[in-house]
$ cat model.cif   # mmCIF, C-alpha atoms and all ligand atoms
data_my_file
loop_
_atom_site.label_atom_id
_atom_site.label_comp_id
_atom_site.auth_asym_id
_atom_site.auth_seq_id
_atom_site.Cartn_x
_atom_site.Cartn_y
_atom_site.Cartn_z
CA MET A 1 -35.10 1.65 -16.46
CA ALA A 2 -31.64 0.86 -17.65
CA THR A 3 -29.65 3.33 -15.62
CA LYS A 4 -26.02 2.61 -15.14
CA LYS A 5 -25.07 2.91 -11.53
CA LYS A 6 -23.17 6.11 -11.04
CA ARG A 7 -21.18 5.42 -7.93
CA ARG A 8 -17.98 6.98 -9.21
CA SER A 9 -18.43 10.36 -7.58
CA ALA A 10 -14.79 9.88 -6.64
CA LYS A 11 -13.87 11.05 -10.16
CA LYS A 12 -14.83 14.64 -9.37
CA ALA A 13 -13.20 14.94 -5.96
CA PRO A 14 -10.73 12.09 -5.82
CA LEU A 15 -9.75 12.41 -2.16
CA ALA A 16 -12.92 13.96 -0.73
CA GLU A 17 -13.59 11.14 1.70
CA TYR A 18 -9.96 10.99 2.78
CA LYS A 19 -9.97 14.72 3.52
CA ARG A 20 -13.37 14.73 5.20
CA LYS A 21 -12.25 12.13 7.75
CA ARG A 22 -9.16 13.98 8.87
CA ASP A 23 -8.26 17.19 10.67
CA PHE A 24 -4.92 18.20 9.18
CA SER A 25 -4.30 20.70 11.96
CA LYS A 26 -4.07 17.68 14.28
CA THR A 27 -2.64 14.81 12.26
CA ALA A 28 0.72 14.73 10.49
CA GLU A 29 -0.74 12.66 7.66
CA PRO A 30 -0.43 14.28 4.20
CA SER A 31 -3.34 16.49 3.20
CA GLY A 32 -3.34 15.15 -0.34
CA GLY A 33 -2.81 18.36 -2.24
CA GLY A 34 0.10 17.22 -4.34
CA THR A 35 -1.33 14.64 -6.69
CA LYS A 36 -1.93 16.90 -9.67
CA ALA A 37 1.70 17.70 -10.28
CA ARG A 38 2.48 14.01 -10.44
CA THR A 39 -0.26 13.11 -12.87
CA ALA A 40 1.62 14.25 -15.94
CA THR A 41 4.44 11.79 -15.44
CA ARG A 42 2.23 8.97 -14.28
CA ARG A 43 2.33 6.88 -17.41
CA ARG A 44 6.07 7.02 -17.78
CA ARG A 45 7.07 5.15 -14.68
CA ALA A 46 6.11 2.09 -12.73
CA LEU A 47 3.09 2.23 -10.45
CA ARG A 48 3.77 2.13 -6.75
CA PHE A 49 2.41 0.06 -3.92
CA VAL A 50 2.78 0.40 -0.19
CA VAL A 51 1.80 -1.66 2.84
CA GLN A 52 1.49 0.12 6.17
CA LYS A 53 1.18 -1.73 9.45
CA HIS A 54 -1.32 0.25 11.46
CA ALA A 55 -1.92 -0.21 15.16
CA ALA A 56 -5.22 1.66 15.47
CA SER A 57 -8.18 0.42 17.52
CA HIS A 58 -7.40 -2.91 15.83
CA LEU A 59 -4.07 -3.88 14.32
CA HIS A 60 -4.26 -4.21 10.54
CA TYR A 61 -2.21 -3.80 7.41
CA ASP A 62 -3.17 -1.09 4.93
CA PHE A 63 -2.55 -2.38 1.45
CA ARG A 64 -2.38 0.38 -1.17
CA LEU A 65 -2.03 0.23 -4.95
CA GLU A 66 -1.47 3.29 -7.11
CA LEU A 67 -4.14 3.71 -9.75
CA ASP A 68 -5.34 6.82 -11.59
CA GLY A 69 -3.38 9.22 -9.40
CA VAL A 70 -4.49 7.89 -6.02
CA MET A 71 -3.67 4.95 -3.79
CA LYS A 72 -6.54 2.43 -3.88
CA SER A 73 -6.64 1.13 -0.32
CA TRP A 74 -7.67 -1.96 1.60
CA ALA A 75 -7.45 -2.71 5.31
CA VAL A 76 -6.23 -6.28 5.74
CA PRO A 77 -6.68 -7.34 9.39
CA LYS A 78 -4.25 -10.27 9.26
CA GLY A 79 -1.95 -8.89 6.58
CA PRO A 80 -0.72 -10.68 3.47
CA SER A 81 0.23 -14.37 3.36
CA TYR A 82 2.59 -16.16 0.97
CA ASP A 83 0.50 -19.30 1.31
CA PRO A 84 -1.77 -19.59 -1.78
CA SER A 85 -4.33 -21.56 0.22
CA VAL A 86 -4.80 -18.63 2.62
CA ARG A 87 -7.39 -15.97 1.78
CA ARG A 88 -6.98 -12.78 3.70
CA LEU A 89 -9.97 -10.51 4.19
CA ALA A 90 -9.34 -7.06 2.69
CA MET A 91 -11.86 -4.31 3.42
CA GLU A 92 -11.76 -1.58 0.83
CA VAL A 93 -11.33 1.87 2.39
CA GLU A 94 -11.15 5.37 0.98
CA ASP A 95 -8.55 6.29 -1.64
CA HIS A 96 -5.42 7.80 -0.15
CA PRO A 97 -3.09 10.43 -1.65
CA ILE A 98 0.13 9.18 -3.23
CA GLU A 99 2.08 11.20 -0.66
CA TYR A 100 0.77 8.77 1.94
CA ASN A 101 3.38 6.30 0.66
CA THR A 102 6.06 7.96 2.75
CA PHE A 103 4.00 8.36 5.91
CA GLU A 104 5.31 6.64 9.00
CA GLY A 105 4.62 7.87 12.49
CA THR A 106 1.76 8.39 14.85
CA ILE A 107 -1.76 9.68 14.38
CA PRO A 108 -3.01 11.42 17.54
CA LYS A 109 -5.44 9.54 19.76
CA GLY A 110 -9.02 10.55 19.07
CA GLU A 111 -8.29 11.40 15.45
CA TYR A 112 -9.40 9.14 12.61
CA GLY A 113 -7.11 6.09 12.56
CA GLY A 114 -5.37 7.23 15.74
CA GLY A 115 -2.35 5.03 16.49
CA THR A 116 1.00 4.01 15.05
CA VAL A 117 1.76 3.61 11.34
CA MET A 118 4.78 1.69 10.04
CA LEU A 119 5.94 1.54 6.44
CA TRP A 120 5.98 -2.24 6.30
CA ASP A 121 6.72 -2.62 2.60
CA ARG A 122 6.80 -0.62 -0.57
CA GLY A 123 7.87 -0.92 -4.15
CA THR A 124 6.35 -1.05 -7.58
CA TYR A 125 3.68 -3.26 -9.07
CA ALA A 126 2.22 -4.13 -12.45
CA ALA A 127 -0.71 -5.92 -14.02
CA GLU A 128 -0.03 -9.65 -14.12
CA ASP A 129 -1.07 -9.88 -17.78
CA GLY A 130 1.25 -7.04 -18.79
CA GLY A 131 -1.72 -4.90 -19.78
CA GLY A 132 -0.65 -1.86 -17.79
CA GLU A 133 -2.89 0.57 -15.99
CA GLU A 134 -5.81 -0.17 -18.30
CA SER A 135 -5.79 -3.82 -17.30
CA LEU A 136 -5.52 -2.89 -13.62
CA ARG A 137 -8.41 -0.45 -13.89
CA ASP A 138 -10.49 -3.10 -15.59
CA GLY A 139 -9.59 -5.68 -12.94
CA TYR A 140 -10.45 -3.26 -10.18
CA GLU A 141 -13.85 -2.49 -11.71
CA ARG A 142 -14.60 -6.18 -12.24
CA GLY A 143 -13.45 -7.09 -8.74
CA ASP A 144 -10.72 -9.42 -9.97
CA LEU A 145 -7.43 -7.60 -9.74
CA LYS A 146 -4.34 -9.62 -10.66
CA PHE A 147 -0.94 -8.05 -10.17
CA VAL A 148 2.74 -8.64 -9.53
CA LEU A 149 4.49 -6.97 -6.61
CA HIS A 150 8.10 -5.87 -6.66
CA GLY A 151 8.63 -4.99 -3.01
CA LYS A 152 11.23 -5.83 -0.40
CA ARG A 153 8.97 -8.04 1.66
CA LEU A 154 6.26 -8.85 -0.87
CA LEU A 155 7.12 -10.35 -4.24
CA GLY A 156 5.40 -12.20 -7.03
CA ALA A 157 1.84 -12.57 -8.23
CA TRP A 158 -1.18 -11.80 -6.07
CA VAL A 159 -4.89 -11.31 -6.60
CA LEU A 160 -7.56 -9.22 -4.94
CA VAL A 161 -11.02 -10.70 -5.46
CA ARG A 162 -14.12 -8.76 -4.54
CA THR A 163 -16.60 -10.91 -2.66
CA ARG A 164 -19.33 -8.46 -1.77
CA ARG A 165 -20.36 -4.87 -1.50
CA GLU A 166 -21.98 -3.46 1.59
CA ARG A 167 -23.25 0.09 1.60
CA GLY A 168 -20.68 1.09 -0.96
CA ARG A 169 -17.82 -0.54 0.97
CA ALA A 170 -16.50 -3.60 -0.75
CA GLN A 171 -15.07 -6.72 0.82
CA TRP A 172 -12.24 -8.40 -1.00
CA LEU A 173 -9.88 -11.30 -0.44
CA LEU A 174 -6.14 -10.96 -0.86
CA ILE A 175 -4.62 -14.20 -2.11
CA LYS A 176 -1.14 -15.23 -3.20
CA HIS A 177 -0.96 -16.81 -6.63
CA ARG A 178 1.06 -19.96 -7.10
CA ASP A 179 4.48 -18.98 -8.38
CA GLU A 180 8.13 -19.31 -7.36
CA TYR A 181 7.58 -17.01 -4.36
CA ALA A 182 4.57 -18.85 -2.96
CA THR A 183 5.35 -20.81 0.21
CA THR A 184 3.63 -22.30 3.21
CA LYS A 185 6.80 -22.03 5.28
CA LEU A 186 7.12 -18.28 5.76
CA ASP A 187 4.72 -16.38 8.00
CA VAL A 188 5.79 -13.02 6.64
CA THR A 189 3.86 -10.79 9.04
CA LYS A 190 5.44 -12.64 11.99
CA VAL A 191 8.94 -12.64 10.55
CA VAL A 192 9.00 -9.03 9.35
CA GLU A 193 8.42 -6.70 12.27
CA THR A 194 10.37 -3.61 11.28
CA SER A 195 9.91 -0.64 9.00
CA VAL A 196 11.10 -1.08 5.44
CA THR A 197 12.51 2.46 5.41
CA THR A 198 13.72 3.18 8.95
CA GLY A 199 14.18 -0.29 10.43
CA ARG A 200 12.13 0.75 13.45
CA THR A 201 9.75 -1.45 15.40
CA MET A 202 6.20 -0.35 16.17
CA ASP A 203 7.28 0.58 19.70
CA GLU A 204 10.14 2.70 18.40
CA ILE A 205 7.82 4.52 16.00
CA ALA A 206 5.26 5.02 18.77
CA THR A 207 7.84 6.59 21.07
CA GLY A 208 9.27 8.69 18.27
CA ARG A 209 12.77 7.26 18.27
CA SER A 210 14.51 8.19 15.07
CA ARG A 211 17.31 5.68 14.52
CA VAL A 212 19.41 8.24 12.70
CA TRP A 213 22.19 5.69 12.40
CA HIS A 214 20.02 3.59 10.17
CA SER A 215 19.55 6.15 7.45
CA SER A 216 23.30 6.65 7.09
CA ARG A 217 23.80 2.89 6.99
CA LYS A 218 21.19 2.70 4.26
CA LYS A 219 22.96 5.37 2.24
CA THR A 220 26.21 3.46 2.52
CA ALA A 221 24.48 0.29 1.35
CA THR A 222 22.95 2.17 -1.57
CA LYS A 223 26.34 3.57 -2.53
CA LYS A 224 27.88 0.10 -2.33
CA ARG A 225 25.15 -1.34 -4.54
CA ALA A 226 25.60 1.46 -7.05
CA ALA A 227 29.35 0.86 -7.09
CA ALA A 228 28.77 -2.86 -7.63
CA ARG A 229 26.43 -2.10 -10.51
CA ARG A 230 28.98 0.18 -12.13
CA ALA A 231 31.64 -2.50 -11.69
CA ARG A 232 29.42 -5.09 -13.37
CA ALA A 233 28.52 -2.73 -16.19
CA SER A 234 32.12 -1.83 -17.02
MN MN A 301 -5.43 1.89 8.58
#

$ encode --input "model.cif" --output "structure tokens" --more "lines below"
Ligand code: MN
Amino acid sequence: MATKKKRRSAKKAPLAEYKRKRDFSKTAEPSGGGTKARTATRRRRALRFVVQKHAASHLHYDFRLELDGVMKSWAVPKGPSYDPSVRRLAMEVEDHPIEYNTFEGTIPKGEYGGGTVMLWDRGTYAAEDGGGEESLRDGYERGDLKFVLHGKRLLGAWVLVRTRRERGRAQWLLIKHRDEYATTKLDVTKVVETSVTTGRTMDEIATGRSRVWHSSRKKTATKKRAAARRARAS
């Protein structure tokens, strides 16, 4: 019988698994109610990506790519590598809400994913072939997802290749493509140990220190950059 596998129940309730795993009266993670409002403008702007360093029962990096109104998500135990000869295991996990992109803090012990979450990198991304969301969707379905990252810590062309599926959970490999950013000399997860938004270390996030000074410094830097842009433009 030629039945097409219908494993895309996610289409009906996009974040069902995400919500089922969490008790939002206990965790400060976003409940994922706000994706609909954003859908309308989705096509008009660049797609976002985020990488969160997550010290749960095991340290890992959560690699998330925006697609079809959710963040497709992979847990990468060793994190990304700029060395094209290095293949990093990436276990696909449940889709996350787009609001998760701003989440940094702690998840209470005993709750799902309990531990510390750092915003390690974020930015925008695009299909490597310039084919937009359609190309990304196709790559995701085929298990050969090629994309370019425009982050602060991660840049250039990368690929996620699906190697196998186990009980609905897919295993992928995250690999750097050879381009001008590829290098064997930078161990990026060792070098970059602070939050991309707050500058905090994992310990500072865990103890709830806020580093208020940093946000004002960032604003000043943003203002300076804007002023420089205006100066160049005029
Ligand atoms: Mn995680």

$ closest_residue --input "model.cif" --among "A:Tyr125, A:Trp172, A:Tyr181, A:Trp120" --to "Thr201 of chain A" --atoms "all atoms listed in the file"
A:Trp120

$ atom_distance --input "model.cif" --atom1 "atom CA of Arg122 of chain A" --atom2 "atom CA of Glu166 of chain A"
29.0 Å

$ residues_near_ligand --input "model.cif" --ligand "ligand MN 301 (chain A)" --cutoff "10 Å" --atoms "all atoms listed in the file" --output "mmCIF file with C-alpha atoms, in the coordinates of the input"
data_model
loop_
_atom_site.group_PDB
_atom_site.id
_atom_site.type_symbol
_atom_site.label_atom_id
_atom_site.label_comp_id
_atom_site.auth_asym_id
_atom_site.auth_seq_id
_atom_site.Cartn_x
_atom_site.Cartn_y
_atom_site.Cartn_z
ATOM 1 C CA VAL A 51 1.800 -1.660 2.840
ATOM 2 C CA GLN A 52 1.490 0.120 6.170
ATOM 3 C CA LYS A 53 1.180 -1.730 9.450
ATOM 4 C CA HIS A 54 -1.320 0.250 11.460
ATOM 5 C CA ALA A 55 -1.920 -0.210 15.160
ATOM 6 C CA ALA A 56 -5.220 1.660 15.470
ATOM 7 C CA SER A 57 -8.180 0.420 17.520
ATOM 8 C CA HIS A 58 -7.400 -2.910 15.830
ATOM 9 C CA LEU A 59 -4.070 -3.880 14.320
ATOM 10 C CA HIS A 60 -4.260 -4.210 10.540
ATOM 11 C CA TYR A 61 -2.210 -3.800 7.410
ATOM 12 C CA ASP A 62 -3.170 -1.090 4.930
ATOM 13 C CA PHE A 63 -2.550 -2.380 1.450
ATOM 14 C CA SER A 73 -6.640 1.130 -0.320
ATOM 15 C CA TRP A 74 -7.670 -1.960 1.600
ATOM 16 C CA ALA A 75 -7.450 -2.710 5.310
ATOM 17 C CA VAL A 76 -6.230 -6.280 5.740
ATOM 18 C CA PRO A 77 -6.680 -7.340 9.390
ATOM 19 C CA VAL A 93 -11.330 1.870 2.390
ATOM 20 C CA TYR A 112 -9.400 9.140 12.610
ATOM 21 C CA GLY A 113 -7.110 6.090 12.560
ATOM 22 C CA GLY A 114 -5.370 7.230 15.740
ATOM 23 C CA GLY A 115 -2.350 5.030 16.490
ATOM 24 C CA THR A 116 1.000 4.010 15.050
ATOM 25 C CA VAL A 117 1.760 3.610 11.340
#

$ closest_residue --input "model.cif" --among "A:Thr163, A:Glu104, A:Ala157, A:Ser31" --to "Asp129 of chain A" --atoms "only C-alpha atoms"
A:Ala157

$ residues_around --input "model.cif" --residues "segment 14-21 of chain A" --least-positions-apart "3" --cutoff "8 Å" --atoms "only C-alpha atoms" --output "PyMOL selection string"
chain A and resi 10-11+31-32+70+94-97+112

$ axis_aligned_box --input "model.cif" --around "segment 191-199 of chain A" --padding-each-side "8 Å" --output "AutoDock Vina command-line options"
--center_x 11.3 --center_y -4.7 --center_z 8.8 --size_x 21.8 --size_y 31.8 --size_z 22.9

$ closest_residue --input "model.cif" --among "A:Ile175, A:Ile98, A:Leu186, A:Leu67" --to "Glu134 of chain A" --atoms "only C-alpha atoms"
A:Leu67

$ residues_near_point --input "model.cif" --point "(7.4, 8.5, 2.6)" --cutoff "10 Å" --atoms "only C-alpha atoms" --output "JSON list (two decimals) with C-alpha atoms, keeping the file's coordinate frame"
[["chain", "number", "residue", "atom", "x", "y", "z"],
["A", 30, "PRO", "CA", -0.43, 14.28, 4.20],
["A", 50, "VAL", "CA", 2.78, 0.40, -0.19],
["A", 98, "ILE", "CA", 0.13, 9.18, -3.23],
["A", 99, "GLU", "CA", 2.08, 11.20, -0.66],
["A", 100, "TYR", "CA", 0.77, 8.77, 1.94],
["A", 101, "ASN", "CA", 3.38, 6.30, 0.66],
["A", 102, "THR", "CA", 6.06, 7.96, 2.75],
["A", 103, "PHE", "CA", 4.00, 8.36, 5.91],
["A", 104, "GLU", "CA", 5.31, 6.64, 9.00],
["A", 119, "LEU", "CA", 5.94, 1.54, 6.44],
["A", 122, "ARG", "CA", 6.80, -0.62, -0.57],
["A", 197, "THR", "CA", 12.51, 2.46, 5.41]]

$ closest_residue --input "model.cif" --among "A:Glu92, A:Asp179, A:Asp23, A:Lys152" --to "Arg164 of chain A" --atoms "all atoms listed in the file"
A:Glu92

$ atom_distance --input "model.cif" --atom1 "atom CA of Asp138 of chain A" --atom2 "atom CA of Val86 of chain A"
24.6 Å

$ atom_distance --input "model.cif" --atom1 "atom CA of Glu133 of chain A" --atom2 "atom CA of Glu66 of chain A"
9.4 Å

$ residues_around --input "model.cif" --residues "Val192 of chain A" --least-positions-apart "3" --cutoff "10 Å" --atoms "all atoms listed in the file" --output "short mmCIF file (atom, residue, chain, number, x, y, z; two decimals) with C-alpha atoms, keeping the file's coordinate frame"
data_model
loop_
_atom_site.label_atom_id
_atom_site.label_comp_id
_atom_site.auth_asym_id
_atom_site.auth_seq_id
_atom_site.Cartn_x
_atom_site.Cartn_y
_atom_site.Cartn_z
CA TRP A 120 5.98 -2.24 6.30
CA ASP A 121 6.72 -2.62 2.60
CA ARG A 153 8.97 -8.04 1.66
CA ASP A 187 4.72 -16.38 8.00
CA VAL A 188 5.79 -13.02 6.64
CA THR A 189 3.86 -10.79 9.04
CA SER A 195 9.91 -0.64 9.00
CA VAL A 196 11.10 -1.08 5.44
CA THR A 201 9.75 -1.45 15.40
#

$ residues_around --input "model.cif" --residues "Leu47 of chain A" --least-positions-apart "2" --cutoff "10 Å" --atoms "only C-alpha atoms" --output "list in words"
Arg42, Arg43, Arg44, Arg45, Phe49, Leu65, Glu66, Leu67, Asp68, Gly69, Met71, Gly123, Thr124, Tyr125, Ala126, Ala127, Gly132 and Glu133 of chain A

$ closest_residue --input "model.cif" --among "A:Arg137, A:Lys109, A:Arg162, A:Arg64" --to "Leu89 of chain A" --atoms "only C-alpha atoms"
A:Arg162

$ closest_residue --input "model.cif" --among "A:Ser135, A:Arg87, A:Tyr82, A:Thr194" --to "Leu155 of chain A" --atoms "all atoms listed in the file"
A:Tyr82
